[in-house]
Amino acid sequence: MTRTPFDQVLQRLGTDSIKWDKAALALGSSADGALPDQSGSNLLLPLSLADMDFQTAPVVVAALEARIRHGVFGYTFAGDAYFEAITRWLQRRHAWHVDRDWIVPGTGAVPAINLAIQMLTEPGDAVIVQPPVFHPFAQSVANNGRRVVLNPLRQEAGRYDFDLDDLQRKAQDSRARMLILCSPHNPVGRVWSVGELRELVRVCDAHDMLIVCDEVHCDLTYPWSRFTTLAAAAPECLARLIHCHGPSKTFNLVGLKASTTIIPNPKLRERFVLGLRNLNELFGVGTLATHALRAAYDEGEDWLAQLMSYLEGNMLTLRDYLQVELPQWRMTVPDATYLAWIDCREMGVASSVLKRHLAEHARVVLEDGAMYGAGGDGFLRLNVACPRVTLESALNRIRDALRQRPLQAS
């Protein structure tokens, strides 16, 4: 079998990685405060937090090395090349023409979502989220003194859909001001169809609700699906759209804080930038982030194609393994993302109990589905963005641990 750069097992311990260096916290510490042993067969394998155990594209590394050699890292602004790289990428990959003026450089989707809530809604307003969903959405709403309103996804035979009837009812609340959309959806992996997106926009239009659309996983769509950005699916939404995008997930750059927010409506954008610059003093960009973004978008597509081929292989490896070795775990292969949403409810235990059991006895860390809100308990989220040998080792550990130390259904 031909090896690829994605097969290289990297040493991430000792790099201040939240995913790896804090993995031992899943087991707690001993009475003297020491963390569990992280050597040899005791090494925890975290298939959890949504970053990849792969080096980024070589063109990105080369661009960063060249900028670092310059040796001066003063105050930086986003120049023409930054904006042009973004607009070209969105036009080329997603058939969306974005005006430069719409783009607001930033550090991440979650900060942008928090700022949108702060500046474009009022305390006590209702903000709709669609669980099970990326947990910072609801946290951001509550932490900013707004009311979280749930519009749970519907699930049938492992497939998730919008519950548009429920959304229509929730949108009738006179204080409903905003909906936060995850597209593609984290953690369930759905790529929403053009028809679904148009229907969702129709409801938001009818009730004058803003749409914060998180599309940070959109460039990680598999060949069996077709992603359409919300702006292209329903152009009538542009007046109410706050769009979150960036190369962080696609090119494994989350630590560089390279992100963009796209707001076509000038009044909304003015309010957003007012909070960014004057209220929270967050205006500005990181020198290395801008160079990484430019290199990724202008020169990284060949690497991305290779990445998606490898992730596809990992996702299908996981599917096949579960069918044979862990049939009580069920998954629908996602349309996008490197995150598998696994239904473990047949085991009859809370997902928090199962997660702890696997951390202790399999030395594998997964994400507890309950943290994603309504409908998440009994599920685990598993990140396949790692060398295949790591994935296979983790799966064998899980199988052996469940056979040797079976859990009792509660």
# chains A, B, ... in the order shown; residues from 1 in each chain; ligands from 1
$ residues_around --residues "Leu164 (chain A)" --least-positions-apart "2" --cutoff "12 Å" --atoms "only C-alpha atoms" --output "PyMOL selection string"
chain A and resi 130+151-154+161-162+166-171+195-204
$ write_last_selection --atoms "N, CA and C atoms" --output "PDB file, in the first residue's frame"
ATOM      1  N   GLN A 130     -30.463  24.632  16.609  1.00  0.00           N
ATOM      2  CA  GLN A 130     -31.046  23.389  16.108  1.00  0.00           C
ATOM      3  C   GLN A 130     -30.249  22.172  16.601  1.00  0.00           C
ATOM      4  N   ASN A 151     -34.983  24.356  18.297  1.00  0.00           N
ATOM      5  CA  ASN A 151     -35.707  23.797  17.138  1.00  0.00           C
ATOM      6  C   ASN A 151     -34.986  22.500  16.767  1.00  0.00           C
ATOM      7  N   PRO A 152     -35.243  21.419  17.536  1.00  0.00           N
ATOM      8  CA  PRO A 152     -34.457  20.190  17.339  1.00  0.00           C
ATOM      9  C   PRO A 152     -34.609  19.626  15.926  1.00  0.00           C
ATOM     10  N   LEU A 153     -33.509  19.067  15.440  1.00  0.00           N
ATOM     11  CA  LEU A 153     -33.570  18.343  14.179  1.00  0.00           C
ATOM     12  C   LEU A 153     -34.418  17.091  14.354  1.00  0.00           C
ATOM     13  N   ARG A 154     -35.009  16.649  13.264  1.00  0.00           N
ATOM     14  CA  ARG A 154     -35.750  15.383  13.260  1.00  0.00           C
ATOM     15  C   ARG A 154     -34.832  14.282  12.741  1.00  0.00           C
ATOM     16  N   ASP A 161     -33.116  15.866   9.519  1.00  0.00           N
ATOM     17  CA  ASP A 161     -33.741  16.893   8.686  1.00  0.00           C
ATOM     18  C   ASP A 161     -34.161  18.057   9.572  1.00  0.00           C
ATOM     19  N   PHE A 162     -34.395  19.223   8.949  1.00  0.00           N
ATOM     20  CA  PHE A 162     -35.004  20.338   9.661  1.00  0.00           C
ATOM     21  C   PHE A 162     -36.434  19.977  10.042  1.00  0.00           C
ATOM     22  N   ASP A 166     -41.969  23.026  13.307  1.00  0.00           N
ATOM     23  CA  ASP A 166     -41.591  23.512  14.640  1.00  0.00           C
ATOM     24  C   ASP A 166     -40.883  24.855  14.543  1.00  0.00           C
ATOM     25  N   LEU A 167     -40.032  25.026  13.536  1.00  0.00           N
ATOM     26  CA  LEU A 167     -39.354  26.308  13.350  1.00  0.00           C
ATOM     27  C   LEU A 167     -40.365  27.414  13.107  1.00  0.00           C
ATOM     28  N   GLN A 168     -41.372  27.138  12.307  1.00  0.00           N
ATOM     29  CA  GLN A 168     -42.416  28.137  12.056  1.00  0.00           C
ATOM     30  C   GLN A 168     -43.094  28.553  13.352  1.00  0.00           C
ATOM     31  N   ARG A 169     -43.389  27.584  14.219  1.00  0.00           N
ATOM     32  CA  ARG A 169     -44.029  27.910  15.501  1.00  0.00           C
ATOM     33  C   ARG A 169     -43.096  28.724  16.391  1.00  0.00           C
ATOM     34  N   LYS A 170     -41.831  28.338  16.462  1.00  0.00           N
ATOM     35  CA  LYS A 170     -40.895  29.045  17.328  1.00  0.00           C
ATOM     36  C   LYS A 170     -40.628  30.461  16.796  1.00  0.00           C
ATOM     37  N   ALA A 171     -40.627  30.634  15.483  1.00  0.00           N
ATOM     38  CA  ALA A 171     -40.356  31.943  14.888  1.00  0.00           C
ATOM     39  C   ALA A 171     -41.478  32.936  15.132  1.00  0.00           C
ATOM     40  N   GLY A 195     -33.254  22.918  -1.564  1.00  0.00           N
ATOM     41  CA  GLY A 195     -34.658  23.044  -1.178  1.00  0.00           C
ATOM     42  C   GLY A 195     -34.830  23.270   0.311  1.00  0.00           C
ATOM     43  N   GLU A 196     -34.076  22.529   1.121  1.00  0.00           N
ATOM     44  CA  GLU A 196     -34.174  22.703   2.571  1.00  0.00           C
ATOM     45  C   GLU A 196     -33.744  24.105   2.984  1.00  0.00           C
ATOM     46  N   LEU A 197     -32.666  24.583   2.398  1.00  0.00           N
ATOM     47  CA  LEU A 197     -32.173  25.916   2.747  1.00  0.00           C
ATOM     48  C   LEU A 197     -33.169  26.997   2.331  1.00  0.00           C
ATOM     49  N   ARG A 198     -33.771  26.845   1.180  1.00  0.00           N
ATOM     50  CA  ARG A 198     -34.752  27.839   0.733  1.00  0.00           C
ATOM     51  C   ARG A 198     -35.959  27.885   1.656  1.00  0.00           C
ATOM     52  N   GLU A 199     -36.396  26.706   2.107  1.00  0.00           N
ATOM     53  CA  GLU A 199     -37.537  26.675   3.028  1.00  0.00           C
ATOM     54  C   GLU A 199     -37.182  27.321   4.364  1.00  0.00           C
ATOM     55  N   LEU A 200     -35.993  27.071   4.837  1.00  0.00           N
ATOM     56  CA  LEU A 200     -35.563  27.689   6.091  1.00  0.00           C
ATOM     57  C   LEU A 200     -35.508  29.212   5.951  1.00  0.00           C
ATOM     58  N   VAL A 201     -34.963  29.698   4.841  1.00  0.00           N
ATOM     59  CA  VAL A 201     -34.898  31.143   4.613  1.00  0.00           C
ATOM     60  C   VAL A 201     -36.291  31.733   4.501  1.00  0.00           C
ATOM     61  N   ARG A 202     -37.201  30.991   3.889  1.00  0.00           N
ATOM     62  CA  ARG A 202     -38.576  31.485   3.774  1.00  0.00           C
ATOM     63  C   ARG A 202     -39.182  31.764   5.145  1.00  0.00           C
ATOM     64  N   VAL A 203     -38.958  30.869   6.094  1.00  0.00           N
ATOM     65  CA  VAL A 203     -39.475  31.077   7.448  1.00  0.00           C
ATOM     66  C   VAL A 203     -38.811  32.288   8.092  1.00  0.00           C
ATOM     67  N   CYS A 204     -37.499  32.409   7.936  1.00  0.00           N
ATOM     68  CA  CYS A 204     -36.790  33.539   8.542  1.00  0.00           C
ATOM     69  C   CYS A 204     -37.233  34.861   7.919  1.00  0.00           C
TER      70      CYS A 204
END
$ residues_around --residues "region 45-54 of chain A" --least-positions-apart "6" --cutoff "10 Å" --atoms "only C-alpha atoms" --output "short mmCIF file (atom, residue, chain, number, x, y, z; two decimals) with N, CA and C atoms, in the first residue's frame"
data_model
loop_
_atom_site.label_atom_id
_atom_site.label_comp_id
_atom_site.auth_asym_id
_atom_site.auth_seq_id
_atom_site.Cartn_x
_atom_site.Cartn_y
_atom_site.Cartn_z
N PRO A 5 1.47 11.40 3.05
CA PRO A 5 1.83 12.24 4.20
C PRO A 5 0.83 12.14 5.34
N PHE A 6 -0.40 11.75 5.03
CA PHE A 6 -1.43 11.66 6.07
C PHE A 6 -1.26 10.40 6.92
N ASP A 7 -0.44 9.47 6.46
CA ASP A 7 -0.16 8.26 7.24
C ASP A 7 0.90 8.50 8.31
N GLN A 8 1.58 9.62 8.26
CA GLN A 8 2.65 9.90 9.24
C GLN A 8 2.05 10.15 10.61
N VAL A 9 2.52 9.42 11.60
CA VAL A 9 2.08 9.61 12.98
C VAL A 9 2.95 10.69 13.61
N LEU A 10 2.34 11.81 13.94
CA LEU A 10 3.06 12.96 14.48
C LEU A 10 3.05 12.92 16.00
N GLN A 11 4.07 13.42 16.60
CA GLN A 11 4.13 13.55 18.05
C GLN A 11 3.52 14.89 18.44
N ARG A 12 2.31 14.87 18.96
CA ARG A 12 1.65 16.12 19.35
C ARG A 12 1.73 16.37 20.85
N SER A 17 -1.11 21.03 23.01
CA SER A 17 -2.33 20.68 22.28
C SER A 17 -3.46 20.39 23.26
N ILE A 18 -4.57 21.09 23.09
CA ILE A 18 -5.74 20.80 23.93
C ILE A 18 -6.18 19.36 23.70
N LYS A 19 -6.16 18.94 22.47
CA LYS A 19 -6.64 17.60 22.12
C LYS A 19 -5.77 16.52 22.74
N TRP A 20 -4.45 16.69 22.72
CA TRP A 20 -3.55 15.64 23.17
C TRP A 20 -3.03 15.87 24.58
N ASP A 21 -2.49 17.06 24.87
CA ASP A 21 -1.86 17.27 26.17
C ASP A 21 -2.88 17.32 27.31
N LYS A 22 -4.12 17.63 26.98
CA LYS A 22 -5.15 17.63 28.02
C LYS A 22 -6.01 16.38 28.00
N ALA A 23 -5.66 15.44 27.12
CA ALA A 23 -6.46 14.22 27.03
C ALA A 23 -6.51 13.47 28.35
N ALA A 24 -5.42 13.50 29.10
CA ALA A 24 -5.38 12.77 30.37
C ALA A 24 -6.39 13.32 31.38
N ALA A 26 -9.37 13.60 30.97
CA ALA A 26 -10.58 12.80 30.89
C ALA A 26 -10.64 11.77 32.00
N GLN A 38 1.15 8.73 30.39
CA GLN A 38 0.85 8.92 28.97
C GLN A 38 1.95 8.32 28.10
N ASN A 186 -22.61 20.22 12.29
CA ASN A 186 -21.76 19.58 13.29
C ASN A 186 -22.61 19.38 14.54
N SER A 248 -9.71 27.43 8.63
CA SER A 248 -9.18 26.80 9.84
C SER A 248 -9.44 25.30 9.89
N LYS A 249 -10.67 24.87 9.65
CA LYS A 249 -10.97 23.43 9.67
C LYS A 249 -10.40 22.74 8.45
N THR A 250 -10.56 23.36 7.29
CA THR A 250 -10.15 22.74 6.03
C THR A 250 -8.66 22.47 5.98
N PHE A 251 -7.86 23.42 6.45
CA PHE A 251 -6.40 23.32 6.34
C PHE A 251 -5.72 23.13 7.70
N ASN A 252 -6.51 22.82 8.74
CA ASN A 252 -5.97 22.55 10.07
C ASN A 252 -5.17 23.73 10.61
N LEU A 253 -5.81 24.90 10.60
CA LEU A 253 -5.16 26.13 11.02
C LEU A 253 -5.85 26.76 12.23
N VAL A 254 -6.58 25.97 13.02
CA VAL A 254 -7.38 26.57 14.09
C VAL A 254 -6.53 27.36 15.08
N GLY A 255 -5.29 26.93 15.29
CA GLY A 255 -4.43 27.63 16.24
C GLY A 255 -3.94 28.98 15.74
N LEU A 307 -6.32 15.32 0.85
CA LEU A 307 -6.89 15.18 2.20
C LEU A 307 -8.26 14.53 2.15
N THR A 337 -17.56 16.87 6.75
CA THR A 337 -16.79 16.94 8.00
C THR A 337 -16.01 15.64 8.20
N TYR A 338 -15.05 15.68 9.10
CA TYR A 338 -14.31 14.47 9.47
C TYR A 338 -14.83 13.93 10.80
N LEU A 339 -16.08 14.23 11.12
CA LEU A 339 -16.68 13.86 12.39
C LEU A 339 -17.80 12.85 12.18
N ALA A 359 -12.47 5.82 28.02
CA ALA A 359 -11.25 6.52 28.40
C ALA A 359 -10.45 5.71 29.42
N ALA A 362 -10.24 1.59 27.46
CA ALA A 362 -9.72 1.48 26.09
C ALA A 362 -8.61 2.50 25.84
N ARG A 363 -8.50 3.47 26.73
CA ARG A 363 -7.54 4.57 26.57
C ARG A 363 -7.81 5.34 25.26
N VAL A 364 -9.11 5.52 24.98
CA VAL A 364 -9.55 6.28 23.80
C VAL A 364 -10.53 7.34 24.28
N VAL A 365 -10.36 8.56 23.81
CA VAL A 365 -11.23 9.67 24.21
C VAL A 365 -12.10 10.08 23.03
N LEU A 366 -13.42 10.00 23.22
CA LEU A 366 -14.39 10.46 22.24
C LEU A 366 -15.20 11.59 22.86
N GLU A 367 -16.08 12.19 22.07
CA GLU A 367 -16.92 13.28 22.57
C GLU A 367 -18.28 12.74 23.00
N ASP A 368 -18.75 13.18 24.16
CA ASP A 368 -20.06 12.80 24.70
C ASP A 368 -21.15 13.52 23.91
N LEU A 380 -22.02 9.25 20.46
CA LEU A 380 -20.64 9.68 20.60
C LEU A 380 -20.19 10.31 19.29
N ARG A 381 -19.34 11.34 19.38
CA ARG A 381 -18.75 11.93 18.19
C ARG A 381 -17.31 11.49 18.09
N LEU A 382 -16.93 10.98 16.91
CA LEU A 382 -15.60 10.42 16.71
C LEU A 382 -14.93 11.14 15.53
N ASN A 383 -13.72 11.62 15.75
CA ASN A 383 -12.96 12.37 14.76
C ASN A 383 -12.04 11.41 14.01
N VAL A 384 -12.24 11.28 12.69
CA VAL A 384 -11.43 10.35 11.90
C VAL A 384 -10.22 11.02 11.25
N ALA A 385 -9.97 12.29 11.55
CA ALA A 385 -8.86 13.01 10.92
C ALA A 385 -7.54 12.70 11.62
N CYS A 386 -7.09 11.48 11.41
CA CYS A 386 -5.85 11.00 12.02
C CYS A 386 -5.28 9.92 11.10
N PRO A 387 -4.02 9.54 11.27
CA PRO A 387 -3.48 8.45 10.47
C PRO A 387 -4.34 7.19 10.63
N THR A 390 -3.74 4.95 13.51
CA THR A 390 -4.25 5.45 14.79
C THR A 390 -5.73 5.12 14.92
N LEU A 391 -6.48 5.36 13.85
CA LEU A 391 -7.91 5.04 13.87
C LEU A 391 -8.14 3.56 14.12
N SER A 393 -6.14 1.37 15.50
CA SER A 393 -5.72 1.01 16.86
C SER A 393 -6.78 1.40 17.87
N ALA A 394 -7.33 2.60 17.72
CA ALA A 394 -8.37 3.07 18.64
C ALA A 394 -9.60 2.18 18.57
N ARG A 397 -8.96 -1.13 20.30
CA ARG A 397 -9.00 -0.93 21.76
C ARG A 397 -10.44 -0.86 22.26
#
$ closest_residue --among "A:His291, A:Gln323, A:Ser259, A:Met347" --to "Gly108 (chain A)" --atoms "only C-alpha atoms"
A:Ser259
$ select_by_dssp --residues "region 286-381 of chain A" --states "alpha helix (DSSP H)" --output "compact mmCIF listing (two decimals) with C-alpha atoms, in the first residue's frame"
# COMPACT_ATOMS: atom_id res chain seq x y z
CA THR A 287 0.34 38.45 10.64
CA LEU A 288 0.77 34.70 10.26
CA ALA A 289 -2.97 34.10 9.94
CA THR A 290 -3.25 36.31 6.86
CA HIS A 291 -0.31 34.62 5.15
CA ALA A 292 -1.63 31.15 5.96
CA LEU A 293 -5.06 32.01 4.59
CA ARG A 294 -3.65 33.39 1.36
CA ALA A 295 -1.42 30.38 0.73
CA ALA A 296 -4.20 27.91 1.55
CA TYR A 297 -6.76 29.51 -0.71
CA ASP A 298 -4.45 30.39 -3.59
CA GLU A 299 -2.26 27.26 -3.67
CA GLU A 301 -6.47 22.91 -3.56
CA ASP A 302 -4.33 19.96 -4.67
CA TRP A 303 -3.48 19.19 -1.04
CA LEU A 304 -7.16 19.50 -0.10
CA ALA A 305 -8.13 16.96 -2.77
CA GLN A 306 -5.59 14.51 -1.31
CA LEU A 307 -6.89 15.18 2.20
CA MET A 308 -10.49 14.49 1.20
CA SER A 309 -9.49 11.21 -0.43
CA TYR A 310 -7.75 10.14 2.78
CA LEU A 311 -10.65 11.23 5.00
CA GLU A 312 -13.07 9.35 2.78
CA GLY A 313 -10.98 6.22 3.25
CA ASN A 314 -10.97 6.70 7.02
CA MET A 315 -14.71 7.31 7.19
CA LEU A 316 -15.47 4.18 5.16
CA THR A 317 -12.97 2.19 7.25
CA LEU A 318 -14.89 3.25 10.35
CA ARG A 319 -18.24 2.33 8.81
CA ASP A 320 -17.05 -1.12 7.77
CA TYR A 321 -15.39 -1.79 11.13
CA LEU A 322 -18.52 -0.93 13.10
CA GLN A 323 -20.70 -3.15 10.93
CA VAL A 324 -18.52 -6.18 11.62
CA GLU A 325 -16.94 -5.64 15.04
CA SER A 351 -23.09 8.54 26.63
CA SER A 352 -21.20 10.20 29.50
CA VAL A 353 -20.85 6.79 31.16
CA LEU A 354 -19.73 5.19 27.91
CA LYS A 355 -17.21 7.95 27.22
CA ARG A 356 -15.69 7.51 30.69
CA HIS A 357 -15.59 3.74 30.32
CA LEU A 358 -13.70 3.98 27.03
CA ALA A 359 -11.25 6.52 28.40
CA GLU A 360 -10.47 4.33 31.39
CA HIS A 361 -10.43 0.89 29.80
$ residues_around --residues "Leu115 (chain A)" --least-positions-apart "5" --cutoff "10 Å" --atoms "only C-alpha atoms" --output "PyMOL selection string"
chain A and resi 109-110+120-121+140+144+271-276+279-280
$ write_last_selection --atoms "C-alpha atoms" --output "PDB file, in the first residue's frame"
ATOM      1  CA  ALA A 109     -16.558  31.617  14.027  1.00  0.00           C
ATOM      2  CA  VAL A 110     -17.445  31.464  17.732  1.00  0.00           C
ATOM      3  CA  LEU A 120     -27.587  42.618  16.469  1.00  0.00           C
ATOM      4  CA  THR A 121     -29.971  41.426  19.187  1.00  0.00           C
ATOM      5  CA  SER A 140     -23.093  31.987  23.340  1.00  0.00           C
ATOM      6  CA  ASN A 144     -24.962  37.070  26.347  1.00  0.00           C
ATOM      7  CA  ARG A 271     -23.071  47.495  13.732  1.00  0.00           C
ATOM      8  CA  PHE A 272     -20.923  44.365  13.784  1.00  0.00           C
ATOM      9  CA  VAL A 273     -17.701  46.271  13.091  1.00  0.00           C
ATOM     10  CA  LEU A 274     -18.634  48.836  15.733  1.00  0.00           C
ATOM     11  CA  GLY A 275     -18.632  46.056  18.312  1.00  0.00           C
ATOM     12  CA  LEU A 276     -15.514  44.482  16.876  1.00  0.00           C
ATOM     13  CA  LEU A 279     -16.727  47.700  22.066  1.00  0.00           C
ATOM     14  CA  ASN A 280     -14.484  44.652  22.313  1.00  0.00           C
TER      15      ASN A 280
END
$ atom_distance --atom1 "CA of Gly376 (chain A)" --atom2 "CA of Val333 (chain A)"
17.0 Å
$ atom_distance --atom1 "CA of Ala350 (chain A)" --atom2 "CA of Gln408 (chain A)"
10.9 Å
$ atom_distance --atom1 "CA of His185 (chain A)" --atom2 "CA of Val389 (chain A)"
27.1 Å
$ residues_around --residues "His94 (chain A)" --least-positions-apart "4" --cutoff "8 Å" --atoms "only C-alpha atoms" --output "PyMOL selection string"
chain A and resi 89-90+228-229+232
$ closest_residue --among "A:Ala401, A:Leu181, A:Val61, A:Ala234" --to "Val194 (chain A)" --atoms "only C-alpha atoms"
A:Ala234
